[in-house]
Structures are given as C-alpha cells and as structure tokens.
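Peer 1: Here you go, start_6.cif (mmCIF, C-alpha atoms, pLDDT in the B column; chains and numbers go by the auth columns):
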data_entry
loop_
_atom_site.group_PDB
_atom_site.id
_atom_site.type_symbol
_atom_site.label_atom_id
_atom_site.label_comp_id
_atom_site.label_asym_id
_atom_site.label_seq_id
_atom_site.Cartn_x
_atom_site.Cartn_y
_atom_site.Cartn_z
_atom_site.B_iso_or_equiv
_atom_site.auth_seq_id
_atom_site.auth_asym_id
ATOM 1 C CA MET A 1 5.487 -15.696 25.565 51.00 24 A
ATOM 2 C CA ASN A 2 6.822 -18.403 23.266 62.00 25 A
ATOM 3 C CA GLU A 3 8.098 -17.775 19.712 75.00 26 A
ATOM 4 C CA LYS A 4 4.902 -19.158 18.131 82.00 27 A
ATOM 5 C CA TRP A 5 3.309 -15.698 18.044 79.00 28 A
ATOM 6 C CA MET A 6 5.373 -14.808 14.945 76.00 29 A
ATOM 7 C CA GLU A 7 4.242 -17.987 13.185 77.00 30 A
ATOM 8 C CA ALA A 8 0.637 -17.330 14.182 81.00 31 A
ATOM 9 C CA LEU A 9 0.751 -13.741 12.888 78.00 32 A
ATOM 10 C CA GLY A 10 2.102 -15.085 9.597 76.00 33 A
ATOM 11 C CA GLY A 11 -1.105 -17.115 9.282 79.00 34 A
ATOM 12 C CA MET A 12 -3.338 -14.064 9.320 82.00 35 A
ATOM 13 C CA VAL A 13 -4.772 -13.423 5.858 87.00 36 A
ATOM 14 C CA HIS A 14 -4.333 -9.941 4.369 90.00 37 A
ATOM 15 C CA GLY A 15 -4.710 -8.440 0.940 93.00 38 A
ATOM 16 C CA ILE A 16 -1.546 -7.635 -1.009 94.00 39 A
ATOM 17 C CA TYR A 17 -1.582 -4.085 -2.322 97.00 40 A
ATOM 18 C CA VAL A 18 0.723 -1.639 -4.039 97.00 41 A
ATOM 19 C CA LEU A 19 0.904 1.631 -2.128 98.00 42 A
ATOM 20 C CA THR A 20 2.155 4.698 -3.992 98.00 43 A
ATOM 21 C CA ALA A 21 3.060 8.117 -2.674 98.00 44 A
ATOM 22 C CA ARG A 22 4.514 11.350 -3.999 97.00 45 A
ATOM 23 C CA TYR A 23 5.987 14.308 -2.151 98.00 46 A
ATOM 24 C CA GLU A 24 7.376 17.197 -4.156 96.00 47 A
ATOM 25 C CA ASP A 25 9.464 15.546 -6.917 94.00 48 A
ATOM 26 C CA GLU A 26 9.928 12.185 -5.183 96.00 49 A
ATOM 27 C CA ILE A 27 7.727 9.158 -5.878 96.00 50 A
ATOM 28 C CA ASN A 28 7.699 5.599 -4.642 97.00 51 A
ATOM 29 C CA GLY A 29 5.689 2.419 -4.777 97.00 52 A
ATOM 30 C CA MET A 30 5.844 -0.399 -2.252 96.00 53 A
ATOM 31 C CA ILE A 31 4.092 -3.665 -1.486 95.00 54 A
ATOM 32 C CA ALA A 32 1.741 -3.303 1.480 95.00 55 A
ATOM 33 C CA SER A 33 -0.268 -5.953 3.288 92.00 56 A
ATOM 34 C CA TRP A 34 -1.094 -4.357 6.637 93.00 57 A
ATOM 35 C CA VAL A 35 -4.158 -2.552 5.290 96.00 58 A
ATOM 36 C CA SER A 36 -7.730 -2.351 6.534 96.00 59 A
ATOM 37 C CA GLN A 37 -10.975 -0.480 6.020 97.00 60 A
ATOM 38 C CA VAL A 38 -11.710 1.603 9.111 96.00 61 A
ATOM 39 C CA SER A 39 -15.018 3.317 8.313 97.00 62 A
ATOM 40 C CA TYR A 40 -17.512 3.746 5.489 96.00 63 A
ATOM 41 C CA GLU A 41 -18.854 7.135 6.654 97.00 64 A
ATOM 42 C CA PRO A 42 -16.542 8.793 5.959 97.00 65 A
ATOM 43 C CA PRO A 43 -14.722 6.198 3.835 98.00 66 A
ATOM 44 C CA LEU A 44 -11.462 5.554 5.728 98.00 67 A
ATOM 45 C CA VAL A 45 -8.659 3.034 5.263 98.00 68 A
ATOM 46 C CA MET A 46 -5.574 2.344 7.371 98.00 69 A
ATOM 47 C CA VAL A 47 -2.071 1.391 6.285 98.00 70 A
ATOM 48 C CA ALA A 48 0.750 0.385 8.638 97.00 71 A
ATOM 49 C CA ILE A 49 4.178 1.530 7.403 97.00 72 A
ATOM 50 C CA HIS A 50 7.533 1.116 9.152 95.00 73 A
ATOM 51 C CA PRO A 51 9.292 4.489 9.661 96.00 74 A
ATOM 52 C CA LYS A 52 12.420 3.195 7.884 94.00 75 A
ATOM 53 C CA ARG A 53 10.498 2.690 4.630 95.00 76 A
ATOM 54 C CA TYR A 54 11.069 5.398 2.026 96.00 77 A
ATOM 55 C CA SER A 55 7.314 5.733 1.464 97.00 78 A
ATOM 56 C CA HIS A 56 6.839 6.642 5.128 98.00 79 A
ATOM 57 C CA SER A 57 8.517 10.040 4.702 98.00 80 A
ATOM 58 C CA LEU A 58 6.634 10.669 1.447 98.00 81 A
ATOM 59 C CA ILE A 59 3.292 9.990 3.119 98.00 82 A
ATOM 60 C CA GLU A 60 4.228 12.234 6.055 98.00 83 A
ATOM 61 C CA GLY A 61 5.198 15.054 3.698 98.00 84 A
ATOM 62 C CA ALA A 62 2.321 14.758 1.220 98.00 85 A
ATOM 63 C CA LYS A 63 -0.336 13.718 3.752 98.00 86 A
ATOM 64 C CA ALA A 64 -1.609 11.387 1.007 98.00 87 A
ATOM 65 C CA PHE A 65 -1.175 7.951 -0.563 98.00 88 A
ATOM 66 C CA ALA A 66 -2.884 5.637 -3.044 98.00 89 A
ATOM 67 C CA LEU A 67 -3.667 1.947 -2.589 98.00 90 A
ATOM 68 C CA HIS A 68 -3.921 -0.345 -5.599 98.00 91 A
ATOM 69 C CA ILE A 69 -5.727 -3.679 -5.517 98.00 92 A
ATOM 70 C CA ILE A 70 -3.807 -6.221 -7.588 96.00 93 A
ATOM 71 C CA SER A 71 -5.157 -9.274 -9.432 96.00 94 A
ATOM 72 C CA THR A 72 -4.049 -12.798 -8.518 94.00 95 A
ATOM 73 C CA GLU A 73 -3.073 -13.119 -12.183 92.00 96 A
ATOM 74 C CA ARG A 74 -0.573 -10.251 -11.808 89.00 97 A
ATOM 75 C CA ARG A 75 1.613 -11.508 -8.959 87.00 98 A
ATOM 76 C CA ASP A 76 4.612 -10.817 -11.213 89.00 99 A
ATOM 77 C CA PHE A 77 3.640 -7.122 -11.202 89.00 100 A
ATOM 78 C CA LEU A 78 4.799 -6.891 -7.579 92.00 101 A
ATOM 79 C CA GLU A 79 8.431 -7.533 -8.586 92.00 102 A
ATOM 80 C CA LEU A 80 8.541 -3.997 -10.014 93.00 103 A
ATOM 81 C CA PHE A 81 8.139 -2.608 -6.498 94.00 104 A
ATOM 82 C CA LYS A 82 11.032 -4.426 -4.852 89.00 105 A
ATOM 83 C CA GLY A 83 13.901 -2.488 -6.408 84.00 106 A
ATOM 84 C CA PRO A 84 16.058 0.074 -4.614 87.00 107 A
ATOM 85 C CA ASP A 85 15.503 2.937 -7.123 91.00 108 A
ATOM 86 C CA PRO A 86 12.077 4.527 -6.527 92.00 109 A
ATOM 87 C CA ALA A 87 11.856 6.348 -9.881 86.00 110 A
ATOM 88 C CA ALA A 88 12.880 3.229 -11.844 92.00 111 A
ATOM 89 C CA LYS A 89 9.826 1.396 -10.510 94.00 112 A
ATOM 90 C CA PHE A 90 7.577 3.605 -12.657 93.00 113 A
ATOM 91 C CA VAL A 91 9.535 3.685 -15.933 92.00 114 A
ATOM 92 C CA SER A 92 7.672 0.804 -17.606 90.00 115 A
ATOM 93 C CA LEU A 93 4.276 1.531 -16.026 93.00 116 A
ATOM 94 C CA ASN A 94 1.248 3.421 -17.237 94.00 117 A
ATOM 95 C CA TRP A 95 0.324 5.802 -14.460 96.00 118 A
ATOM 96 C CA SER A 96 -1.065 9.270 -13.899 97.00 119 A
ATOM 97 C CA LYS A 97 -0.891 11.812 -11.121 97.00 120 A
ATOM 98 C CA GLY A 98 -3.946 11.678 -8.884 98.00 121 A
ATOM 99 C CA ILE A 99 -5.733 14.598 -7.285 98.00 122 A
ATOM 100 C CA THR A 100 -3.488 14.254 -4.219 97.00 123 A
ATOM 101 C CA GLY A 101 -0.381 13.930 -6.377 97.00 124 A
ATOM 102 C CA ALA A 102 0.009 10.218 -5.639 98.00 125 A
ATOM 103 C CA PRO A 103 0.781 8.029 -8.664 98.00 126 A
ATOM 104 C CA LEU A 104 -2.285 6.089 -9.862 98.00 127 A
ATOM 105 C CA LEU A 105 -1.461 2.821 -11.624 97.00 128 A
ATOM 106 C CA GLU A 106 -3.529 1.591 -14.553 94.00 129 A
ATOM 107 C CA ASP A 107 -2.516 -2.074 -14.174 93.00 130 A
ATOM 108 C CA CYS A 108 -4.673 -2.891 -11.162 96.00 131 A
ATOM 109 C CA LEU A 109 -8.183 -3.993 -10.279 97.00 132 A
ATOM 110 C CA ALA A 110 -8.998 -0.773 -8.463 98.00 133 A
ATOM 111 C CA TYR A 111 -7.381 2.077 -6.617 98.00 134 A
ATOM 112 C CA LEU A 112 -8.224 4.206 -3.599 98.00 135 A
ATOM 113 C CA GLU A 113 -6.608 7.626 -3.396 98.00 136 A
ATOM 114 C CA CYS A 114 -6.480 8.892 0.178 98.00 137 A
ATOM 115 C CA LYS A 115 -5.730 12.050 2.141 98.00 138 A
ATOM 116 C CA VAL A 116 -4.223 11.342 5.549 98.00 139 A
ATOM 117 C CA THR A 117 -6.584 12.470 8.307 98.00 140 A
ATOM 118 C CA ASN A 118 -4.743 10.950 11.254 98.00 141 A
ATOM 119 C CA SER A 119 -1.651 8.989 12.162 98.00 142 A
ATOM 120 C CA MET A 120 -0.476 7.220 15.286 98.00 143 A
ATOM 121 C CA ARG A 121 2.439 5.101 16.390 97.00 144 A
ATOM 122 C CA PRO A 122 1.106 2.398 18.747 95.00 145 A
ATOM 123 C CA GLY A 123 4.138 0.149 18.131 93.00 146 A
ATOM 124 C CA ASN A 124 7.024 0.030 15.691 93.00 147 A
ATOM 125 C CA HIS A 125 4.871 0.968 12.645 95.00 148 A
ATOM 126 C CA THR A 126 2.976 4.177 11.935 98.00 149 A
ATOM 127 C CA LEU A 127 -0.727 3.766 11.246 98.00 150 A
ATOM 128 C CA PHE A 128 -1.801 6.252 8.596 98.00 151 A
ATOM 129 C CA ILE A 129 -5.574 6.744 8.408 98.00 152 A
ATOM 130 C CA GLY A 130 -6.620 7.995 4.994 98.00 153 A
ATOM 131 C CA GLU A 131 -9.962 9.311 3.803 98.00 154 A
ATOM 132 C CA VAL A 132 -10.791 8.066 0.315 98.00 155 A
ATOM 133 C CA VAL A 133 -11.053 11.142 -1.931 98.00 156 A
ATOM 134 C CA ASN A 134 -10.901 9.375 -5.288 98.00 157 A
ATOM 135 C CA ALA A 135 -11.473 5.765 -6.337 98.00 158 A
ATOM 136 C CA ARG A 136 -11.873 3.774 -9.500 97.00 159 A
ATOM 137 C CA VAL A 137 -12.655 0.142 -10.322 97.00 160 A
ATOM 138 C CA LEU A 138 -10.844 -1.053 -13.458 95.00 161 A
ATOM 139 C CA SER A 139 -11.543 -4.803 -13.410 93.00 162 A
ATOM 140 C CA ALA A 140 -13.555 -7.412 -11.523 92.00 163 A
ATOM 141 C CA ALA A 141 -10.921 -10.173 -11.267 95.00 164 A
ATOM 142 C CA ARG A 142 -9.984 -11.875 -7.965 96.00 165 A
ATOM 143 C CA PRO A 143 -7.745 -9.745 -5.680 96.00 166 A
ATOM 144 C CA LEU A 144 -4.341 -10.989 -4.558 95.00 167 A
ATOM 145 C CA CYS A 145 -3.979 -11.958 -0.892 92.00 168 A
ATOM 146 C CA THR A 146 -1.340 -13.459 1.357 88.00 169 A
ATOM 147 C CA LEU A 147 -2.608 -16.960 0.566 87.00 170 A
ATOM 148 C CA ASP A 148 -1.471 -16.396 -3.044 87.00 171 A
ATOM 149 C CA TYR A 149 1.813 -14.682 -2.319 79.00 172 A
ATOM 150 C CA LYS A 150 5.088 -15.941 -0.924 72.00 173 A
ATOM 151 C CA GLY A 151 7.037 -13.660 1.347 62.00 174 A
ATOM 152 C CA VAL A 152 4.312 -12.691 3.808 60.00 175 A
ATOM 153 C CA TYR A 153 5.452 -9.701 5.849 63.00 176 A
ATOM 154 C CA ARG A 154 5.246 -10.217 9.594 60.00 177 A
ATOM 155 C CA GLY A 155 7.271 -7.161 10.538 61.00 178 A
ATOM 156 C CA ASP A 156 10.455 -9.078 11.241 49.00 179 A
ATOM 157 C CA LYS A 157 12.402 -7.903 8.161 45.00 180 A
#
The structure in this file should be written as structure tokens.
Peer 2:
Amino acid sequence: MNEKWMEALGGMVHGIYVLTARYEDEINGMIASWVSQVSYEPPLVMVAIHPKRYSHSLIEGAKAFALHIISTERRDFLELFKGPDPAAKFVSLNWSKGITGAPLLEDCLAYLECKVTNSMRPGNHTLFIGEVVNARVLSAARPLCTLDYKGVYRGDK
C-alpha cells in the first residue's frame, strides 16, 4: 500500500470535541476527534483513545467520560487542553462534577456524559463505547469540525 492512505485519512471530516474524565482525585481534558454515535436505543457514542494518553487510564478506572461539543467561534478554547498539567487545564474554567464524576464544562454547545458499557482494541487505539446517562444543550451555534481546525489527528503523533 502506498503512503497516500495517511493523506486520505486526514481528509475525513470529524467533529472536534473536548473529552473530560475523572478517576478518584485525578482529572483531565483532551481534544478528541475520533468520535461517533453508535446507537440511539440505547443512546451510545464511541471514542477512540490511544493507550498512552493520560485520559485513557482515567476512563478505564472511572468507566466514564464526558464529551463536549465546541463552537466554531471558540477554537481558541481548545488551547487550554494542550498543556502537560491536567489540573491546570481546569483552573480558569467554569465546570461542575457530573453524575459519573466527569468534569462538565459550561463553555460548550452541549455535553454528553457517558458510562462505559464496552471497550475493545481492534488496532492501536481503544474504542470506548459509552451510554449517554446525562446530556445538556447550552447553545445552538455551529459545532467545530476538522474543516475548521488545524492539526487534524491522523494517529501518527
């Protein structure tokens, strides 16, 4: 297979989300784009997380995570989730603890709080399937997607 597969995968359009997780006293937030709805009955979503990501161990421990839909007008908001100190990411944010314990951010269009019902490792990322147990819509603006965001993740970093 030629090297064009990586370029082609980079052309796939995905939403850009902030995923948060909490296990015991540890919290983290990360940018996630490999996300998809899996079912509406029950309401299920899937996130693909590399095992080396800090959030991976939090999701495994808590069996929960929250996904936040971000507005195209708030691309700058994502910069908060690129730092190396997980707790520092939340210092300037308004957030509350969800029913699963995951941090719920106020500065988003909507959030989906999920309990992990299944996970699998078909390749180099773990697919966490989460049942939506709590959700809220906060705004009706246009959601951010990979067409609006530089630095599309193709799994090669």
Peer 1: Within 8 Å of segment 118-130 of chain A, counting all atoms listed in the file, which residues show up once you throw out same-chain ones fewer than 3 positions away? Write them as number ranges by chain, please.
Peer 2: A: 43-46, 50, 85, 87-89, 91, 93, 113, 134, 136-138, 157, 161
Peer 1: When you draw a straight line from atom CA of Tyr172 of chain A to atom CA of Pro74 of chain A, how long is it in Å?
Peer 2: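 Atom-to-atom, atom CA of Tyr172 of chain A and atom CA of Pro74 of chain A are spaced 23.8 Å apart.
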Peer 1: As an exercise, work out the distance from atom CA of Ile39 of chain A to atom CA of Leu116 of chain A in Å and give it to one decimal place.
Peer 2: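 For atom CA of Ile39 of chain A relative to atom CA of Leu116 of chain A, the distance reads 18.5 Å.
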Peer 1: Applying the PyMOL selection byres ((chain A and resi 52) around 6) to the file I just gave you, which residues come out? Please list them as a ChimeraX atom specification.
Peer 2: /A:42-43,51,53,104
Peer 1: What is the atom CA of Val68 of chain A-atom CA of Leu90 of chain A distance in Å, reported with one decimal?
Peer 2: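 Computed distance, atom CA of Val68 of chain A to atom CA of Leu90 of chain A, equals 9.4 Å.
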